[in-house]
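Here is the structure we will look at, set down as C-alpha coordinates.
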There are 2 protein chains.
Amino acid sequence: MSGPVDFHFDFSSPYAYFASTRIDALAARHGRACRWRPMLLGPAFRASGNQPLADQPLKGAYSRHDWDRLSRLWQVPYRAPDRFPVATQAAARVFLWLDAADGAAAKAFGARVFAAYFAEGRPIDAADLAADLAAEMGHDRAQARAAVDDPAWKDLLRRETDGAVAAGVFGAPFFVVDGEGFWGADRLWMVEEWLARGGW
Amino acid sequence: MSGPVDFHFDFSSPYAYFASTRIDALAARHGRACRWRPMLLGPAFRASGNQPLADQPLKGAYSRHDWDRLSRLWQVPYRAPDRFPVATQAAARVFLWLDAADGAAAKAFGARVFAAYFAEGRPIDAADLAADLAAEMGHDRAQARAAVDDPAWKDLLRRETDGAVAAGVFGAPFFVVDGEGFWGADRLWMVEEWLARGGW
(Lines give C-alpha, C1' and ligand atoms only; values in the text may rest on other atoms or scores of the structure.)
Protein backbone atom coordinates (compact mmCIF):
# COMPACT_ATOMS: atom_id res chain seq x y z
CA MET A 1 0.00 0.00 0.00
CA SER A 2 1.26 3.44 -0.78
CA GLY A 3 -1.50 6.00 -0.17
CA PRO A 4 -0.80 9.19 1.75
CA VAL A 5 -1.23 9.81 5.45
CA ASP A 6 -4.07 12.28 5.93
CA PHE A 7 -3.40 14.61 8.84
CA HIS A 8 -6.66 16.22 9.98
CA PHE A 9 -6.14 19.19 12.26
CA ASP A 10 -7.54 22.41 13.64
CA PHE A 11 -5.06 25.26 14.05
CA SER A 12 -6.32 25.70 17.62
CA SER A 13 -5.27 22.23 18.81
CA PRO A 14 -1.99 22.09 20.75
CA TYR A 15 -1.75 18.34 20.18
CA ALA A 16 -2.15 18.92 16.43
CA TYR A 17 0.63 21.50 16.64
CA PHE A 18 2.97 19.05 18.33
CA ALA A 19 2.07 16.29 15.87
CA SER A 20 2.57 18.64 12.92
CA THR A 21 6.27 18.83 13.74
CA ARG A 22 6.66 15.06 13.32
CA ILE A 23 4.11 13.60 10.93
CA ASP A 24 5.79 14.46 7.61
CA ALA A 25 9.11 12.90 8.61
CA LEU A 26 7.30 9.89 10.04
CA ALA A 27 5.37 9.31 6.80
CA ALA A 28 8.49 9.88 4.70
CA ARG A 29 10.42 7.23 6.67
CA HIS A 30 7.97 4.73 5.24
CA GLY A 31 7.77 6.14 1.74
CA ARG A 32 4.42 7.82 2.27
CA ALA A 33 3.31 11.33 1.48
CA CYS A 34 1.42 13.33 4.08
CA ARG A 35 -1.57 15.56 3.34
CA TRP A 36 -2.41 18.33 5.80
CA ARG A 37 -6.17 18.77 5.99
CA PRO A 38 -7.49 21.66 8.08
CA MET A 39 -10.92 21.29 9.63
CA LEU A 40 -12.97 22.92 12.35
CA LEU A 41 -13.21 21.09 15.63
CA GLY A 42 -16.48 22.76 16.65
CA PRO A 43 -18.70 20.60 14.39
CA ALA A 44 -16.66 17.49 15.29
CA PHE A 45 -17.20 18.18 18.98
CA ARG A 46 -20.92 18.73 18.43
CA ALA A 47 -21.18 15.43 16.54
CA SER A 48 -19.27 13.47 19.16
CA GLY A 49 -20.44 15.21 22.32
CA ASN A 50 -16.89 16.27 23.17
CA GLN A 51 -15.79 19.57 24.66
CA PRO A 52 -12.66 21.67 24.25
CA LEU A 53 -10.01 20.17 26.52
CA ALA A 54 -9.33 23.37 28.39
CA ASP A 55 -12.95 23.52 29.59
CA GLN A 56 -12.95 20.05 31.10
CA PRO A 57 -12.48 19.54 34.83
CA LEU A 58 -9.36 17.47 35.63
CA LYS A 59 -8.62 16.75 31.97
CA GLY A 60 -8.05 20.46 31.32
CA ALA A 61 -5.39 20.72 34.01
CA TYR A 62 -3.81 17.46 32.86
CA SER A 63 -3.65 18.72 29.29
CA ARG A 64 -2.10 22.06 30.21
CA HIS A 65 0.62 20.24 32.14
CA ASP A 66 1.01 17.74 29.31
CA TRP A 67 1.53 20.43 26.65
CA ASP A 68 4.36 21.91 28.66
CA ARG A 69 6.07 18.58 29.17
CA LEU A 70 5.56 17.52 25.54
CA SER A 71 7.17 20.81 24.51
CA ARG A 72 10.23 19.97 26.62
CA LEU A 73 10.37 16.33 25.54
CA TRP A 74 10.09 17.00 21.82
CA GLN A 75 11.90 20.34 22.02
CA VAL A 76 9.08 22.16 20.26
CA PRO A 77 8.59 25.79 21.37
CA TYR A 78 5.29 26.18 23.19
CA ARG A 79 3.73 28.91 25.25
CA ALA A 80 0.09 28.65 26.34
CA PRO A 81 -1.81 31.31 24.34
CA ASP A 82 -3.68 33.94 26.35
CA ARG A 83 -6.85 33.31 24.37
CA PHE A 84 -7.57 29.63 23.87
CA PRO A 85 -9.10 28.14 21.86
CA VAL A 86 -9.69 30.65 19.04
CA ALA A 87 -11.61 30.53 15.77
CA THR A 88 -9.45 29.16 12.98
CA GLN A 89 -11.55 29.75 9.87
CA ALA A 90 -9.36 32.56 8.54
CA ALA A 91 -6.11 30.62 8.72
CA ALA A 92 -7.75 27.44 7.42
CA ARG A 93 -9.21 29.20 4.38
CA VAL A 94 -5.86 30.78 3.49
CA PHE A 95 -4.32 27.33 3.87
CA LEU A 96 -6.86 25.83 1.46
CA TRP A 97 -6.31 28.65 -1.03
CA LEU A 98 -2.56 27.98 -1.00
CA ASP A 99 -3.04 24.22 -1.03
CA ALA A 100 -5.01 24.33 -4.27
CA ALA A 101 -1.91 25.61 -6.04
CA ASP A 102 0.98 24.19 -4.03
CA GLY A 103 0.73 21.62 -1.22
CA ALA A 104 4.24 22.31 0.05
CA ALA A 105 3.62 26.04 0.29
CA ALA A 106 0.40 25.37 2.18
CA LYS A 107 2.22 23.16 4.69
CA ALA A 108 4.91 25.78 5.22
CA PHE A 109 2.16 28.34 5.85
CA GLY A 110 0.40 25.91 8.19
CA ALA A 111 3.58 25.40 10.20
CA ARG A 112 3.94 29.19 10.39
CA VAL A 113 0.38 29.60 11.67
CA PHE A 114 0.87 26.93 14.35
CA ALA A 115 4.09 28.60 15.52
CA ALA A 116 2.51 32.06 15.49
CA TYR A 117 -0.22 30.84 17.82
CA PHE A 118 1.50 28.34 20.05
CA ALA A 119 5.04 29.70 20.22
CA GLU A 120 4.45 33.43 19.76
CA GLY A 121 0.96 33.91 21.17
CA ARG A 122 -0.32 35.84 18.15
CA PRO A 123 -4.06 36.15 17.40
CA ILE A 124 -4.43 33.70 14.51
CA ASP A 125 -8.20 34.18 14.46
CA ALA A 126 -7.64 37.58 12.81
CA ALA A 127 -8.04 37.55 9.04
CA ASP A 128 -5.39 40.24 8.76
CA LEU A 129 -2.84 38.16 10.62
CA ALA A 130 -3.49 35.17 8.37
CA ALA A 131 -2.87 37.45 5.37
CA ASP A 132 0.25 38.93 7.00
CA LEU A 133 1.71 35.48 7.61
CA ALA A 134 1.04 34.48 4.00
CA ALA A 135 2.67 37.70 2.82
CA GLU A 136 5.71 37.05 5.04
CA MET A 137 6.12 33.81 3.15
CA GLY A 138 6.10 35.50 -0.21
CA HIS A 139 2.45 35.16 -1.18
CA ASP A 140 0.22 37.95 -2.40
CA ARG A 141 -1.24 39.60 0.67
CA ALA A 142 -4.38 40.97 -1.00
CA GLN A 143 -5.21 37.59 -2.51
CA ALA A 144 -4.61 35.85 0.80
CA ARG A 145 -6.85 38.33 2.61
CA ALA A 146 -9.54 37.89 -0.05
CA ALA A 147 -9.40 34.10 0.34
CA VAL A 148 -10.66 34.46 3.92
CA ASP A 149 -13.98 35.83 2.66
CA ASP A 150 -14.20 33.89 -0.58
CA PRO A 151 -17.25 31.56 -0.69
CA ALA A 152 -15.17 28.96 -2.52
CA TRP A 153 -12.77 28.43 0.40
CA LYS A 154 -15.53 28.82 2.98
CA ASP A 155 -17.39 26.06 1.22
CA LEU A 156 -14.34 23.82 0.88
CA LEU A 157 -13.54 24.16 4.58
CA ARG A 158 -17.12 23.25 5.42
CA ARG A 159 -16.94 20.20 3.16
CA GLU A 160 -13.59 19.15 4.57
CA THR A 161 -14.99 19.38 8.09
CA ASP A 162 -18.22 17.57 7.26
CA GLY A 163 -16.33 14.91 5.33
CA ALA A 164 -13.93 14.32 8.19
CA VAL A 165 -16.75 13.99 10.71
CA ALA A 166 -18.63 11.66 8.36
CA ALA A 167 -15.47 9.53 8.20
CA GLY A 168 -15.37 9.31 12.00
CA VAL A 169 -13.01 12.13 12.89
CA PHE A 170 -13.98 13.43 16.34
CA GLY A 171 -10.83 15.22 17.49
CA ALA A 172 -7.44 16.45 16.39
CA PRO A 173 -4.93 15.48 15.40
CA PHE A 174 -6.54 12.58 13.58
CA PHE A 175 -4.56 10.53 11.08
CA VAL A 176 -6.08 8.34 8.39
CA VAL A 177 -3.95 5.97 6.35
CA ASP A 178 -5.06 2.94 4.35
CA GLY A 179 -8.56 3.61 5.69
CA GLU A 180 -7.37 3.26 9.31
CA GLY A 181 -7.95 6.12 11.72
CA PHE A 182 -5.61 7.04 14.57
CA TRP A 183 -6.51 9.74 17.05
CA GLY A 184 -4.06 11.85 18.97
CA ALA A 185 -0.45 12.97 19.08
CA ASP A 186 0.11 10.12 21.54
CA ARG A 187 -0.75 7.66 18.76
CA LEU A 188 2.08 8.58 16.42
CA TRP A 189 3.84 5.40 17.57
CA MET A 190 0.86 3.40 16.30
CA VAL A 191 0.76 5.19 12.95
CA GLU A 192 4.45 4.36 12.61
CA GLU A 193 3.83 0.73 13.55
CA TRP A 194 1.06 0.57 10.95
CA LEU A 195 3.33 1.93 8.21
CA ALA A 196 6.29 -0.23 9.22
CA ARG A 197 4.22 -3.42 9.17
CA GLY A 198 1.95 -2.45 6.31
CA GLY A 199 -0.97 -2.92 8.68
CA TRP A 200 -1.80 -5.91 10.87
CA MET B 1 14.23 8.46 41.91
CA SER B 2 13.00 5.01 42.69
CA GLY B 3 9.33 5.15 43.71
CA PRO B 4 6.82 2.72 42.26
CA VAL B 5 4.62 3.22 39.23
CA ASP B 6 1.02 3.45 40.40
CA PHE B 7 -1.35 1.81 37.93
CA HIS B 8 -4.90 3.07 38.52
CA PHE B 9 -7.53 0.98 36.79
CA ASP B 10 -11.13 -0.12 36.68
CA PHE B 11 -11.72 -3.78 35.78
CA SER B 12 -14.25 -2.64 33.18
CA SER B 13 -11.74 -0.66 31.09
CA PRO B 14 -10.44 -2.44 27.97
CA TYR B 15 -7.52 -0.02 27.73
CA ALA B 16 -6.62 -0.80 31.35
CA TYR B 17 -6.75 -4.50 30.48
CA PHE B 18 -4.35 -4.05 27.58
CA ALA B 19 -2.03 -1.88 29.68
CA SER B 20 -2.11 -4.41 32.52
CA THR B 21 -0.31 -6.91 30.30
CA ARG B 22 2.66 -4.54 29.86
CA ILE B 23 3.07 -2.18 32.79
CA ASP B 24 4.87 -4.50 35.22
CA ALA B 25 7.54 -5.45 32.70
CA LEU B 26 7.89 -1.83 31.63
CA ALA B 27 8.43 -0.67 35.22
CA ALA B 28 10.82 -3.54 35.92
CA ARG B 29 12.99 -2.62 32.93
CA HIS B 30 13.76 0.59 34.78
CA GLY B 31 14.13 -0.88 38.24
CA ARG B 32 10.73 0.28 39.42
CA ALA B 33 7.99 -1.63 41.19
CA CYS B 34 4.41 -1.33 39.98
CA ARG B 35 1.39 -1.04 42.25
CA TRP B 36 -2.00 -2.03 40.90
CA ARG B 37 -4.68 0.22 42.33
CA PRO B 38 -8.30 -0.59 41.50
CA MET B 39 -10.79 2.26 41.46
CA LEU B 40 -14.26 2.96 40.15
CA LEU B 41 -14.51 5.01 36.98
CA GLY B 42 -18.06 6.19 37.70
CA PRO B 43 -17.03 8.84 40.26
CA ALA B 44 -14.05 9.84 38.08
CA PHE B 45 -16.37 10.37 35.11
CA ARG B 46 -18.78 12.37 37.24
CA ALA B 47 -15.95 14.61 38.46
CA SER B 48 -14.53 15.16 34.99
CA GLY B 49 -17.72 15.24 32.94
CA ASN B 50 -16.61 12.23 30.91
CA GLN B 51 -18.78 9.39 29.70
CA PRO B 52 -18.14 5.69 29.16
CA LEU B 53 -16.44 5.36 25.77
CA ALA B 54 -18.95 2.92 24.37
CA ASP B 55 -21.75 5.48 24.79
CA GLN B 56 -20.03 8.23 22.84
CA PRO B 57 -20.91 8.93 19.20
CA LEU B 58 -17.93 8.43 16.87
CA LYS B 59 -15.50 7.81 19.73
CA GLY B 60 -17.40 4.66 20.71
CA ALA B 61 -17.05 3.13 17.24
CA TYR B 62 -13.41 4.21 17.07
CA SER B 63 -12.69 2.57 20.41
CA ARG B 64 -14.37 -0.71 19.53
CA HIS B 65 -12.28 -0.93 16.39
CA ASP B 66 -9.19 0.12 18.32
CA TRP B 67 -9.60 -2.60 20.96
CA ASP B 68 -9.69 -5.24 18.24
CA ARG B 69 -6.59 -3.94 16.52
CA LEU B 70 -4.70 -3.45 19.79
CA SER B 71 -5.53 -7.06 20.61
CA ARG B 72 -3.96 -8.18 17.33
CA LEU B 73 -0.96 -5.85 17.60
CA TRP B 74 -0.06 -6.79 21.17
CA GLN B 75 -1.30 -10.36 20.83
CA VAL B 76 -3.51 -10.07 23.87
CA PRO B 77 -6.72 -12.15 23.71
CA TYR B 78 -9.75 -9.88 23.51
CA ARG B 79 -13.42 -10.43 22.78
CA ALA B 80 -15.90 -7.58 23.25
CA PRO B 81 -18.04 -8.55 26.27
CA ASP B 82 -21.79 -8.82 25.71
CA ARG B 83 -22.48 -6.58 28.69
CA PHE B 84 -20.23 -3.54 28.79
CA PRO B 85 -19.34 -1.78 30.95
CA VAL B 86 -20.22 -3.65 34.14
CA ALA B 87 -19.99 -2.84 37.85
CA THR B 88 -16.59 -3.79 39.22
CA GLN B 89 -17.00 -3.31 42.96
CA ALA B 90 -17.00 -7.04 43.73
CA ALA B 91 -13.78 -7.83 41.91
CA ALA B 92 -12.09 -4.66 43.19
CA ARG B 93 -12.91 -5.45 46.83
CA VAL B 94 -11.58 -9.00 46.53
CA PHE B 95 -8.46 -7.51 44.96
CA LEU B 96 -8.00 -5.13 47.89
CA TRP B 97 -8.56 -7.94 50.38
CA LEU B 98 -5.83 -10.01 48.70
CA ASP B 99 -3.56 -7.00 48.27
CA ALA B 100 -3.50 -6.30 52.00
CA ALA B 101 -1.76 -9.62 52.53
CA ASP B 102 0.16 -10.21 49.31
CA GLY B 103 0.57 -7.73 46.45
CA ALA B 104 1.73 -10.37 43.98
CA ALA B 105 -1.27 -12.59 44.68
CA ALA B 106 -3.56 -9.61 44.19
CA LYS B 107 -1.99 -8.82 40.81
CA ALA B 108 -2.34 -12.42 39.69
CA PHE B 109 -6.00 -12.29 40.69
CA GLY B 110 -6.40 -8.96 38.90
CA ALA B 111 -4.95 -10.40 35.71
CA ARG B 112 -7.35 -13.32 36.06
CA VAL B 113 -10.35 -10.97 36.42
CA PHE B 114 -9.34 -8.94 33.37
CA ALA B 115 -8.98 -12.11 31.29
CA ALA B 116 -12.27 -13.53 32.56
CA TYR B 117 -14.07 -10.41 31.40
CA PHE B 118 -12.24 -9.39 28.24
CA ALA B 119 -11.07 -12.74 26.88
CA GLU B 120 -13.77 -15.09 28.17
CA GLY B 121 -16.81 -12.82 28.43
CA ARG B 122 -17.64 -13.85 31.99
CA PRO B 123 -19.84 -11.68 34.25
CA ILE B 124 -17.22 -10.18 36.57
CA ASP B 125 -19.82 -7.98 38.24
CA ALA B 126 -21.11 -11.08 40.08
CA ALA B 127 -19.77 -11.42 43.63
CA ASP B 128 -19.87 -15.19 43.24
CA LEU B 129 -17.66 -15.10 40.16
CA ALA B 130 -15.11 -12.91 41.94
CA ALA B 131 -15.05 -15.47 44.76
CA ASP B 132 -14.81 -18.37 42.29
CA LEU B 133 -11.83 -16.79 40.55
CA ALA B 134 -10.08 -16.25 43.88
CA ALA B 135 -10.78 -19.86 44.83
CA GLU B 136 -9.39 -21.08 41.48
CA MET B 137 -6.16 -19.35 42.43
CA GLY B 138 -5.94 -21.14 45.78
CA HIS B 139 -7.53 -18.56 48.05
CA ASP B 140 -10.29 -19.25 50.56
CA ARG B 141 -13.57 -18.92 48.68
CA ALA B 142 -15.71 -18.06 51.70
CA GLN B 143 -13.32 -15.34 52.80
CA ALA B 144 -13.14 -13.92 49.28
CA ARG B 145 -16.93 -13.89 49.02
CA ALA B 146 -17.19 -12.20 52.43
CA ALA B 147 -14.69 -9.52 51.36
CA VAL B 148 -17.19 -8.31 48.74
CA ASP B 149 -19.64 -7.27 51.47
CA ASP B 150 -17.10 -6.27 54.11
CA PRO B 151 -17.37 -2.56 55.05
CA ALA B 152 -13.57 -2.43 55.40
CA TRP B 153 -12.95 -3.16 51.70
CA LYS B 154 -15.96 -1.14 50.60
CA ASP B 155 -14.51 1.79 52.47
CA LEU B 156 -10.99 1.26 51.14
CA LEU B 157 -12.25 1.12 47.55
CA ARG B 158 -14.17 4.34 48.11
CA ARG B 159 -11.08 6.01 49.54
CA GLU B 160 -8.88 4.74 46.70
CA THR B 161 -11.36 6.13 44.17
CA ASP B 162 -11.75 9.46 45.94
CA GLY B 163 -8.01 9.76 46.43
CA ALA B 164 -7.32 9.04 42.76
CA VAL B 165 -9.86 11.63 41.61
CA ALA B 166 -8.46 14.16 44.09
CA ALA B 167 -5.02 13.52 42.56
CA GLY B 168 -6.38 14.28 39.09
CA VAL B 169 -7.21 10.80 37.80
CA PHE B 170 -10.11 11.12 35.33
CA GLY B 171 -9.86 7.90 33.33
CA ALA B 172 -8.17 4.52 33.14
CA PRO B 173 -5.54 3.35 32.83
CA PHE B 174 -3.84 6.21 34.61
CA PHE B 175 -0.22 5.92 35.68
CA VAL B 176 1.44 8.04 38.34
CA VAL B 177 5.18 7.95 38.90
CA ASP B 178 7.38 10.54 40.61
CA GLY B 179 4.24 12.64 40.95
CA GLU B 180 3.70 12.72 37.17
CA GLY B 181 0.42 11.47 35.74
CA PHE B 182 0.07 9.71 32.39
CA TRP B 183 -3.33 8.82 31.00
CA GLY B 184 -4.05 5.98 28.66
CA ALA B 185 -2.65 2.76 27.26
CA ASP B 186 -1.39 4.83 24.35
CA ARG B 187 0.89 6.71 26.75
CA LEU B 188 2.97 3.73 27.84
CA TRP B 189 5.73 5.03 25.55
CA MET B 190 5.78 8.25 27.54
CA VAL B 191 5.88 6.45 30.90
CA GLU B 192 8.84 4.49 29.56
CA GLU B 193 10.52 7.68 28.33
CA TRP B 194 10.01 9.22 31.77
CA LEU B 195 11.59 6.24 33.53
CA ALA B 196 14.45 5.95 31.04
CA ARG B 197 15.37 9.63 31.38
CA GLY B 198 14.50 9.98 35.04
CA GLY B 199 12.06 12.70 34.02
CA TRP B 200 12.68 15.79 31.90
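Note on naming: chains are A, B, ... as they come in the C-alpha coordinates, residues start from 1 per chain, ligands start from 1 in the order shown.
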Please report as a PyMOL selection string which residues of chain A come no farther than 10 Å from chain B, using only C-alpha atoms.
-> chain A and resi 44-51+56-62+65-66+69-70+72-73+165-171+180-190+193-194+199-200
Which of stretch 61-113 of chain A DSSP labels alpha helix (DSSP H), written as a PyMOL selection string | chain A and resi 61-74+89-101+103-113
Give me, as a short mmCIF file (atom, residue, chain, number, x, y, z; two decimals) with N, CA and C atoms, in the first residue's frame, all polymer residues having an atom no more than 12 Å from A:Arg22, counting only C-alpha atoms and skipping those fewer than 5 positions away in the same chain.
```
data_model
loop_
_atom_site.label_atom_id
_atom_site.label_comp_id
_atom_site.auth_asym_id
_atom_site.auth_seq_id
_atom_site.Cartn_x
_atom_site.Cartn_y
_atom_site.Cartn_z
N PHE A 7 -3.58 14.00 7.51
CA PHE A 7 -3.40 14.61 8.84
C PHE A 7 -4.50 15.65 9.01
N TYR A 15 -2.24 19.67 20.55
CA TYR A 15 -1.75 18.34 20.18
C TYR A 15 -1.53 18.24 18.67
N ALA A 16 -2.38 18.91 17.88
CA ALA A 16 -2.15 18.92 16.43
C ALA A 16 -0.86 19.67 16.10
N TYR A 17 -0.62 20.76 16.83
CA TYR A 17 0.63 21.50 16.64
C TYR A 17 1.84 20.60 16.90
N ALA A 27 5.91 9.89 8.04
CA ALA A 27 5.37 9.31 6.80
C ALA A 27 6.50 9.04 5.81
N ALA A 28 7.41 10.00 5.68
CA ALA A 28 8.49 9.88 4.70
C ALA A 28 9.39 8.68 5.02
N ARG A 29 9.59 8.39 6.30
CA ARG A 29 10.42 7.23 6.67
C ARG A 29 9.88 5.93 6.08
N CYS A 34 2.33 12.89 3.01
CA CYS A 34 1.42 13.33 4.08
C CYS A 34 0.62 14.52 3.58
N TRP A 74 9.87 16.99 23.27
CA TRP A 74 10.09 17.00 21.82
C TRP A 74 10.85 18.24 21.36
N GLN A 75 11.18 19.11 22.32
CA GLN A 75 11.90 20.34 22.02
C GLN A 75 11.20 21.15 20.92
N VAL A 76 9.92 21.34 21.14
CA VAL A 76 9.08 22.16 20.26
C VAL A 76 8.65 23.37 21.07
N ALA A 111 2.59 25.47 9.12
CA ALA A 111 3.58 25.40 10.20
C ALA A 111 3.80 26.80 10.80
N PRO A 173 -5.09 15.93 16.77
CA PRO A 173 -4.93 15.48 15.40
C PRO A 173 -5.57 14.11 15.18
N ALA A 185 -1.91 12.89 19.19
CA ALA A 185 -0.45 12.97 19.08
C ALA A 185 0.20 11.80 19.80
N ASP A 186 -0.48 11.25 20.80
CA ASP A 186 0.11 10.12 21.54
C ASP A 186 -0.03 8.81 20.78
N ARG A 187 -0.64 8.87 19.58
CA ARG A 187 -0.75 7.66 18.76
C ARG A 187 0.21 7.65 17.58
N LEU A 188 1.14 8.59 17.54
CA LEU A 188 2.08 8.58 16.42
C LEU A 188 2.84 7.26 16.38
N TRP A 189 3.14 6.70 17.54
CA TRP A 189 3.84 5.40 17.57
C TRP A 189 3.03 4.33 16.83
N VAL A 191 0.73 4.90 14.38
CA VAL A 191 0.76 5.19 12.95
C VAL A 191 2.07 4.63 12.37
N GLU A 192 3.15 4.85 13.09
CA GLU A 192 4.45 4.36 12.61
C GLU A 192 4.46 2.83 12.53
#
```
Near-B:Arg35 list (10 Å; only C-alpha atoms; drop same-chain fewer than 4 positions) as a list in words |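 Those residues are Pro4, Val5, Asp6, Phe7, His8, Ile23, Asp24, Ala27, Asp99, Gly103, Ala104, Lys107, Phe175 and Val176 of chain B.
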From the list A:Arg93, A:Arg32, A:Asp68, A:Tyr117, which residue is nearest A:Arg145 when using only C-alpha atoms?
-> A:Arg93
Long-range neighbours of A:Asp150 as an MDAnalysis selection string, 10 Å cut-off, only C-alpha atoms, 5 positions minimum in chain = chainID A and resid 93:94 97 143:145 155
How far is it from atom CA of A:Val113 to atom CA of A:Ala147, in Å with one decimal?
-> 15.6 Å
Selected residue of minimal separation from A:Pro123 among A:Pro52, A:Gly42, A:Phe11, A:Phe174, counting only C-alpha atoms |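 Counting only C-alpha atoms, the residue closest to A:Pro123 is A:Phe11.
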Excluding A:Arg112 and residues on its chain fewer than 4 positions from it, collect all residues at most 12 Å away from it, counting only C-alpha atoms, and give them as a list in words.
->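 Contacts, in chain order: Phe11, Tyr17, Ser20, Thr21, Ala91, Phe95, Ala105, Ala106, Lys107, Ala108, Ala116, Tyr117, Phe118, Ala119, Glu120, Arg122, Ile124, Leu129, Ala130, Ala131, Asp132, Leu133, Ala134, Ala135, Glu136 and Met137 of chain A.
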Atom CA of B:Gly110 and atom CA of B:Ser13, how far apart in Å?
->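 So the two atoms, atom CA of B:Ser13 and atom CA of B:Gly110, lie 12.6 Å apart.
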Using the chain letters and numbers from this document, which residues of stretch 7-146 of chain B does DSSP assign to strand (DSSP E or B), as a ChimeraX atom specification?
-> /B:7-9,34-38
Could you write out that same residue set with N, CA, C and O atoms as an mmCIF file, in the first residue's frame?
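As written to disk, again-v2.cif reads:
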```
data_model
loop_
_atom_site.group_PDB
_atom_site.id
_atom_site.type_symbol
_atom_site.label_atom_id
_atom_site.label_comp_id
_atom_site.auth_asym_id
_atom_site.auth_seq_id
_atom_site.Cartn_x
_atom_site.Cartn_y
_atom_site.Cartn_z
ATOM 1 N N PHE B 7 -0.494 2.146 39.082
ATOM 2 C CA PHE B 7 -1.346 1.814 37.931
ATOM 3 C C PHE B 7 -2.799 1.835 38.414
ATOM 4 O O PHE B 7 -3.256 0.910 39.054
ATOM 5 N N HIS B 8 -3.489 2.935 38.139
ATOM 6 C CA HIS B 8 -4.897 3.068 38.524
ATOM 7 C C HIS B 8 -5.772 2.479 37.423
ATOM 8 O O HIS B 8 -5.587 2.823 36.247
ATOM 9 N N PHE B 9 -6.710 1.651 37.802
ATOM 10 C CA PHE B 9 -7.531 0.981 36.787
ATOM 11 C C PHE B 9 -8.912 0.652 37.327
ATOM 12 O O PHE B 9 -9.132 0.610 38.542
ATOM 13 N N CYS B 34 5.696 -1.807 40.485
ATOM 14 C CA CYS B 34 4.410 -1.331 39.976
ATOM 15 C C CYS B 34 3.319 -1.734 40.952
ATOM 16 O O CYS B 34 3.252 -2.887 41.360
ATOM 17 N N ARG B 35 2.526 -0.757 41.368
ATOM 18 C CA ARG B 35 1.392 -1.044 42.253
ATOM 19 C C ARG B 35 0.097 -0.983 41.460
ATOM 20 O O ARG B 35 -0.168 0.036 40.813
ATOM 21 N N TRP B 36 -0.689 -2.029 41.532
ATOM 22 C CA TRP B 36 -2.001 -2.031 40.895
ATOM 23 C C TRP B 36 -3.009 -1.448 41.877
ATOM 24 O O TRP B 36 -3.110 -1.914 43.015
ATOM 25 N N ARG B 37 -3.762 -0.467 41.443
ATOM 26 C CA ARG B 37 -4.682 0.225 42.331
ATOM 27 C C ARG B 37 -6.078 0.331 41.726
ATOM 28 O O ARG B 37 -6.376 1.273 40.979
ATOM 29 N N PRO B 38 -6.945 -0.632 42.058
ATOM 30 C CA PRO B 38 -8.296 -0.589 41.497
ATOM 31 C C PRO B 38 -9.072 0.623 41.987
ATOM 32 O O PRO B 38 -8.876 1.099 43.107
#
```
Residue nearest B:Gly3 - candidates B:Ala126, B:Arg83, B:Gly121, B:Leu195, atoms counted: only C-alpha atoms =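 Once distances to B:Gly3 are computed over only C-alpha atoms, the minimum belongs to B:Leu195.
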Would you kindly return, as a ChimeraX atom specification, each protein, DNA or RNA residue with an atom no farther than 9 Å from any atom of A:Ser2, considering only C-alpha atoms and excluding same-chain residues fewer than 5 positions away?
-> /A:31-33,178
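If you look at atom CA of B:Ala142 and atom CA of B:Pro85, they are 26.6 Å away from each other.
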